[in-house]
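> Here you go, one structure.
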Amino acid sequence: MRLAGGEALPLDALLADGQPAILKGVARDWPLVQAGLRATRDAMDYLRGLDAGQPVQYSRGDPDIGGRPFYNDDFTRLNFEVRRGHLGEVLDGISAHLEDPRPPTYYVASLLVDRALPGFSQANGLGLEAHGIDAPASIWIGNRVVASCHFDAPENLACCAVGRRQFTLFPPDQVGNLYPGPLEPTPGGQVVSVVDFDAPDFERHPRFRDALAHARTATLEPGDAIFIPSMWWHHVRSLEPFNVLVNYWWRRSPDYLSSPLPALHHALWTMRDLPEREKQAWAHVFDYYVFGPAGRAGAHLPEQARDMLGPIDETRARRMRAMLLNRLNR
């Protein structure tokens, strides 16, 4: 799906379709976008003018990492430093190397806009609140940085504000063909593919050829946006010496439903290494209670007897959390 600038955001259709979509020019009129189209310095000055002066966390890597925050050769540590400083320092560092063919990497990731850049959202926004979506804006600022292929649990609407970005997306069922790396540590808080997209090693990662058959690639210009559905893998490459992206994450489930990721960790601990016969039996149990229709497991019981088999509300969620904490702490 492609949408021309000036049209209303078709969020209901995007969510119902569940497929990635490019929204051309929807942020073209943002002051930040217009500043960047005039000159890199103008975009930097625009951000400096809004900077609240609060310390920010950013990644800094040596030139030899090639703009790819990742791991060392044996995956035991990350190949960059996480530092704290001020946004002006990061902009100064990027500015000092704008002409370098291999600059050091500077990357501010997922910085909440309303705290760091007061007033930004009032002038640069998509009006998601009109759709009933509460999605605080986050900003990503850096030079030529590669965000290794990863997935996010929330829905994601990402706006290319300064510079161009190339996105390569894969559906969730390609997880096994993308060779995910360690669950901890991770370069940015999410497990990433260990495949080097610039020079894939098909002898070590032969199934990546199958993933590429399902890949969707698009290059976004300043003012364009992309809708990335929940759990879709995405590899993101910033193409200019200075790049800014603004994104909005939101979940369609209530806040009292916890993230599924701890459940994955718990399942790895308790089930993955069971004897195969037992593990397959548990797979049937999980399909019955979790992955099948939500009401199936308790449908034959009186409503008052369903307890946690009934719909999860805030009260039931609190009780289940307390029960889990009690059992884990024994």
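Lettering and numbering for the structure tokens are positional, with chains as A, B, ... in the shown order, residues counted from 1 in each chain, and ligands counted from 1 in the shown order.
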May I have the residues within 8 Å of range 230-236 of chain A as a list of chain:residue names, using only C-alpha atoms and disregarding those fewer than 4 positions away in the same chain?
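Within the cut-off, the hits are A:Val146, A:Ala147, A:Ser148, A:Cys149, A:His150, A:Phe151, A:Asp152, A:Ala153, A:Pro154, A:Glu155, A:Asn156, A:Arg165, A:Gln166, A:Phe167, A:Thr168, A:Leu169, A:Phe170, A:Pro171, A:Pro172, A:Val175.
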> Store the residues picked out above in a file with N, CA, C and O atoms, as a PDB file, in the first residue's frame.

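Done, and the output landed in out.pdb:
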```pdb
ATOM      1  N   VAL A 146      23.596   1.318  10.676  1.00  0.00           N
ATOM      2  CA  VAL A 146      22.809   0.153  10.297  1.00  0.00           C
ATOM      3  C   VAL A 146      22.190  -0.446  11.552  1.00  0.00           C
ATOM      4  O   VAL A 146      22.907  -0.822  12.481  1.00  0.00           O
ATOM      5  N   ALA A 147      20.868  -0.502  11.594  1.00  0.00           N
ATOM      6  CA  ALA A 147      20.165  -1.201  12.668  1.00  0.00           C
ATOM      7  C   ALA A 147      19.932  -2.633  12.197  1.00  0.00           C
ATOM      8  O   ALA A 147      19.137  -2.867  11.269  1.00  0.00           O
ATOM      9  N   SER A 148      20.638  -3.586  12.802  1.00  0.00           N
ATOM     10  CA  SER A 148      20.538  -4.978  12.371  1.00  0.00           C
ATOM     11  C   SER A 148      19.101  -5.471  12.455  1.00  0.00           C
ATOM     12  O   SER A 148      18.294  -5.002  13.265  1.00  0.00           O
ATOM     13  N   CYS A 149      18.799  -6.438  11.630  1.00  0.00           N
ATOM     14  CA  CYS A 149      17.420  -6.915  11.489  1.00  0.00           C
ATOM     15  C   CYS A 149      16.886  -7.430  12.825  1.00  0.00           C
ATOM     16  O   CYS A 149      17.504  -8.269  13.479  1.00  0.00           O
ATOM     17  N   HIS A 150      15.720  -6.928  13.225  1.00  0.00           N
ATOM     18  CA  HIS A 150      15.119  -7.264  14.511  1.00  0.00           C
ATOM     19  C   HIS A 150      13.605  -7.120  14.388  1.00  0.00           C
ATOM     20  O   HIS A 150      13.090  -6.655  13.376  1.00  0.00           O
ATOM     21  N   PHE A 151      12.894  -7.498  15.437  1.00  0.00           N
ATOM     22  CA  PHE A 151      11.445  -7.282  15.461  1.00  0.00           C
ATOM     23  C   PHE A 151      11.082  -6.494  16.707  1.00  0.00           C
ATOM     24  O   PHE A 151      11.811  -6.461  17.692  1.00  0.00           O
ATOM     25  N   ASP A 152       9.924  -5.847  16.664  1.00  0.00           N
ATOM     26  CA  ASP A 152       9.348  -5.164  17.821  1.00  0.00           C
ATOM     27  C   ASP A 152       7.944  -5.702  18.046  1.00  0.00           C
ATOM     28  O   ASP A 152       7.209  -5.968  17.087  1.00  0.00           O
ATOM     29  N   ALA A 153       7.565  -5.846  19.308  1.00  0.00           N
ATOM     30  CA  ALA A 153       6.230  -6.356  19.607  1.00  0.00           C
ATOM     31  C   ALA A 153       5.121  -5.355  19.271  1.00  0.00           C
ATOM     32  O   ALA A 153       4.056  -5.751  18.807  1.00  0.00           O
ATOM     33  N   PRO A 154       5.305  -4.045  19.502  1.00  0.00           N
ATOM     34  CA  PRO A 154       4.209  -3.115  19.186  1.00  0.00           C
ATOM     35  C   PRO A 154       4.085  -2.857  17.681  1.00  0.00           C
ATOM     36  O   PRO A 154       4.982  -3.169  16.891  1.00  0.00           O
ATOM     37  N   GLU A 155       2.955  -2.262  17.314  1.00  0.00           N
ATOM     38  CA  GLU A 155       2.818  -1.694  15.977  1.00  0.00           C
ATOM     39  C   GLU A 155       3.780  -0.507  15.880  1.00  0.00           C
ATOM     40  O   GLU A 155       4.086   0.153  16.878  1.00  0.00           O
ATOM     41  N   ASN A 156       4.247  -0.204  14.682  1.00  0.00           N
ATOM     42  CA  ASN A 156       5.271   0.818  14.517  1.00  0.00           C
ATOM     43  C   ASN A 156       4.960   1.672  13.290  1.00  0.00           C
ATOM     44  O   ASN A 156       4.751   1.136  12.194  1.00  0.00           O
ATOM     45  N   ARG A 165      16.396   6.574   4.320  1.00  0.00           N
ATOM     46  CA  ARG A 165      16.573   5.302   5.025  1.00  0.00           C
ATOM     47  C   ARG A 165      16.068   4.165   4.155  1.00  0.00           C
ATOM     48  O   ARG A 165      15.009   4.270   3.534  1.00  0.00           O
ATOM     49  N   GLN A 166      16.828   3.075   4.173  1.00  0.00           N
ATOM     50  CA  GLN A 166      16.406   1.873   3.464  1.00  0.00           C
ATOM     51  C   GLN A 166      15.914   0.845   4.478  1.00  0.00           C
ATOM     52  O   GLN A 166      16.618   0.505   5.424  1.00  0.00           O
ATOM     53  N   PHE A 167      14.700   0.357   4.259  1.00  0.00           N
ATOM     54  CA  PHE A 167      14.084  -0.654   5.115  1.00  0.00           C
ATOM     55  C   PHE A 167      13.984  -1.964   4.345  1.00  0.00           C
ATOM     56  O   PHE A 167      13.550  -1.980   3.184  1.00  0.00           O
ATOM     57  N   THR A 168      14.367  -3.052   4.991  1.00  0.00           N
ATOM     58  CA  THR A 168      14.145  -4.384   4.453  1.00  0.00           C
ATOM     59  C   THR A 168      13.363  -5.171   5.492  1.00  0.00           C
ATOM     60  O   THR A 168      13.817  -5.318   6.633  1.00  0.00           O
ATOM     61  N   LEU A 169      12.179  -5.641   5.113  1.00  0.00           N
ATOM     62  CA  LEU A 169      11.256  -6.269   6.054  1.00  0.00           C
ATOM     63  C   LEU A 169      11.029  -7.728   5.697  1.00  0.00           C
ATOM     64  O   LEU A 169      11.041  -8.113   4.518  1.00  0.00           O
ATOM     65  N   PHE A 170      10.767  -8.516   6.753  1.00  0.00           N
ATOM     66  CA  PHE A 170      10.475  -9.937   6.608  1.00  0.00           C
ATOM     67  C   PHE A 170       9.291 -10.281   7.503  1.00  0.00           C
ATOM     68  O   PHE A 170       9.200  -9.787   8.641  1.00  0.00           O
ATOM     69  N   PRO A 171       8.385 -11.151   7.044  1.00  0.00           N
ATOM     70  CA  PRO A 171       7.261 -11.549   7.903  1.00  0.00           C
ATOM     71  C   PRO A 171       7.726 -12.379   9.090  1.00  0.00           C
ATOM     72  O   PRO A 171       8.821 -12.965   9.076  1.00  0.00           O
ATOM     73  N   PRO A 172       6.907 -12.438  10.152  1.00  0.00           N
ATOM     74  CA  PRO A 172       7.322 -13.136  11.384  1.00  0.00           C
ATOM     75  C   PRO A 172       7.725 -14.591  11.181  1.00  0.00           C
ATOM     76  O   PRO A 172       8.578 -15.097  11.927  1.00  0.00           O
ATOM     77  N   VAL A 175      11.591 -16.100  11.042  1.00  0.00           N
ATOM     78  CA  VAL A 175      12.524 -16.042  12.169  1.00  0.00           C
ATOM     79  C   VAL A 175      13.632 -17.083  12.042  1.00  0.00           C
ATOM     80  O   VAL A 175      14.810 -16.792  12.287  1.00  0.00           O
TER      81      VAL A 175
END
```
> Using backbone DSSP assignments, extract all strand (DSSP E or B) residues from range 55-231 of chain A; output them as number ranges by chain.
A: 55-61, 71, 78, 81-86, 105-112, 137-142, 146-150, 155-162, 165-170, 180, 192-193, 216-220, 225-228
> So which one's closest to Leu324 in chain A, A:Arg296, A:His266, A:Ala96, A:Pro254? Using only C-alpha atoms, please.
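So, comparing all the options, the nearest one is A:His266.
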> Report the residues of range 107-324 of chain A whose backbone DSSP state falls under helix (DSSP H, G or I), written as a PyMOL selection string.
chain A and resi 113-116+120-123+128-131+172-177+208-212+261-270+276-291+303-305+307-309+314-324
> Kindly save the residues from that selection, with C-alpha atoms included, as a compact mmCIF listing (two decimals), in the first residue's frame.

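Result file follows (out.txt):
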```txt
# COMPACT_ATOMS: atom_id res chain seq x y z
CA VAL A 113 10.77 13.46 22.30
CA ASP A 114 8.52 15.16 24.84
CA ARG A 115 11.19 15.14 27.57
CA ALA A 116 14.25 15.83 25.43
CA PHE A 120 8.74 19.14 18.96
CA SER A 121 5.56 17.07 18.82
CA GLN A 122 3.30 20.12 18.58
CA ALA A 123 4.98 21.16 15.32
CA LEU A 128 -2.45 9.79 15.97
CA GLU A 129 -4.39 10.87 19.03
CA ALA A 130 -7.32 11.66 16.71
CA HIS A 131 -7.40 7.91 15.98
CA PRO A 172 7.32 -13.14 11.38
CA ASP A 173 7.45 -16.69 10.03
CA GLN A 174 10.98 -16.05 8.68
CA VAL A 175 12.52 -16.04 12.17
CA GLY A 176 14.30 -19.36 11.57
CA ASN A 177 15.80 -18.15 8.29
CA PHE A 208 19.00 -16.69 4.61
CA ARG A 209 18.45 -17.28 0.87
CA ASP A 210 14.92 -18.42 1.74
CA ALA A 211 14.40 -15.31 3.87
CA LEU A 212 15.45 -13.08 0.97
CA LEU A 261 8.96 -11.98 26.07
CA PRO A 262 9.31 -13.11 29.73
CA ALA A 263 7.05 -16.04 28.84
CA LEU A 264 9.54 -17.00 26.14
CA HIS A 265 12.40 -16.84 28.65
CA HIS A 266 10.42 -18.95 31.13
CA ALA A 267 9.59 -21.51 28.45
CA LEU A 268 13.26 -21.77 27.48
CA TRP A 269 14.09 -22.44 31.12
CA THR A 270 11.32 -24.93 31.85
CA GLU A 276 11.16 -34.74 23.10
CA ARG A 277 8.01 -36.71 23.97
CA GLU A 278 7.29 -34.45 26.94
CA LYS A 279 8.02 -31.32 24.93
CA GLN A 280 5.56 -32.34 22.21
CA ALA A 281 2.94 -33.06 24.86
CA TRP A 282 3.43 -29.55 26.25
CA ALA A 283 3.10 -28.17 22.72
CA HIS A 284 -0.41 -29.68 22.60
CA VAL A 285 -1.21 -28.20 26.01
CA PHE A 286 -0.05 -24.73 24.95
CA ASP A 287 -2.01 -24.97 21.72
CA TYR A 288 -5.13 -25.80 23.73
CA TYR A 289 -4.74 -23.11 26.39
CA VAL A 290 -2.83 -20.32 24.64
CA PHE A 291 -2.57 -20.48 20.86
CA GLU A 303 -18.46 -18.94 34.24
CA GLN A 304 -17.83 -18.72 37.98
CA ALA A 305 -15.41 -21.66 37.75
CA ASP A 307 -10.94 -18.16 36.92
CA MET A 308 -7.84 -17.51 34.78
CA LEU A 309 -9.41 -19.39 31.87
CA GLU A 314 -7.05 -5.82 35.11
CA THR A 315 -8.05 -7.57 38.34
CA ARG A 316 -7.30 -11.03 37.00
CA ALA A 317 -4.00 -9.79 35.56
CA ARG A 318 -2.90 -8.53 38.99
CA ARG A 319 -3.81 -11.86 40.61
CA MET A 320 -1.93 -13.85 37.96
CA ARG A 321 1.15 -11.64 38.33
CA ALA A 322 1.12 -12.10 42.11
CA MET A 323 0.77 -15.86 41.71
CA LEU A 324 3.69 -16.03 39.26
```
> For Gly127 in chain A, please output as a list of chain:residue names all residues within 12 Å (counting only C-alpha atoms; exclusion window: fewer than 6 positions along the same chain).
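The residues that qualify are A:Ala8, A:Leu9, A:Leu11, A:Val26, A:Ala27, A:Ser121, A:Ile133, A:Asp134, A:Ala135, A:Pro136, A:Ala137, A:Tyr248.
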> Just give me the gap between CA of Tyr58 in chain A and CA of Gly36 in chain A in Å, one decimal is fine.
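The value is 21.4 Å.
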> Find the residue from A:Asp51, A:Asp313, A:Asp74, A:Asp62 that sits nearest to Thr105 in chain A; use only C-alpha atoms when measuring.
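Answer, going by the shortest atom-to-atom distance: A:Asp62.
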> Restricting the calculation to only C-alpha atoms: of A:Ile139, A:Asn124, A:Gly298, A:Pro229, which residue gets closest to Val33 in chain A?
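Closest to Val33 in chain A, using only C-alpha atoms: A:Asn124.
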> Write out as a list of chain:residue names the residues lying within 10 Å of Ala43 in chain A, counting only C-alpha atoms and excluding same-chain residues fewer than 5 positions away.
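Result of the neighbour search: A:Pro31, A:Leu32, A:Val33, A:Gln34, A:Ala35, A:Gly36, A:Leu37, A:Arg38, A:Arg48, A:Gly49, A:Ala161, A:Val162, A:Phe242, A:Asn243, A:Val244.
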> Go ahead and dump the residues you just picked, C-alpha atoms, as a compact mmCIF listing (two decimals), in the first residue's frame.

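This is the output file out.txt:
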```txt
# COMPACT_ATOMS: atom_id res chain seq x y z
CA PRO A 31 9.47 21.95 10.19
CA LEU A 32 12.27 19.45 10.85
CA VAL A 33 11.80 17.85 7.43
CA GLN A 34 11.81 21.24 5.72
CA ALA A 35 14.92 22.28 7.63
CA GLY A 36 16.73 19.12 6.54
CA LEU A 37 15.74 19.63 2.93
CA ARG A 38 17.37 23.07 3.06
CA ARG A 48 19.51 22.40 19.06
CA GLY A 49 16.84 25.07 19.37
CA ALA A 161 12.58 13.13 8.87
CA VAL A 162 16.15 13.91 7.74
CA PHE A 242 23.18 12.86 9.08
CA ASN A 243 19.83 11.13 9.59
CA VAL A 244 16.82 11.57 11.85
```
> Do you have, as JSON lines, the list of residues of range 136-239 of chain A lying at most 8 Å from range 12-21 of chain A, each with its nearest atom pair and that distance in Å to one decimal, counting only C-alpha atoms and ordered by chain then number?

```
{"residue": "A:Ile226", "atom": "CA", "partner": "A:Ala21", "partner_atom": "CA", "distance": 5.7}
{"residue": "A:Phe227", "atom": "CA", "partner": "A:Ala21", "partner_atom": "CA", "distance": 5.1}
{"residue": "A:Ile228", "atom": "CA", "partner": "A:Pro20", "partner_atom": "CA", "distance": 5.1}
{"residue": "A:Pro229", "atom": "CA", "partner": "A:Gly18", "partner_atom": "CA", "distance": 5.9}
```
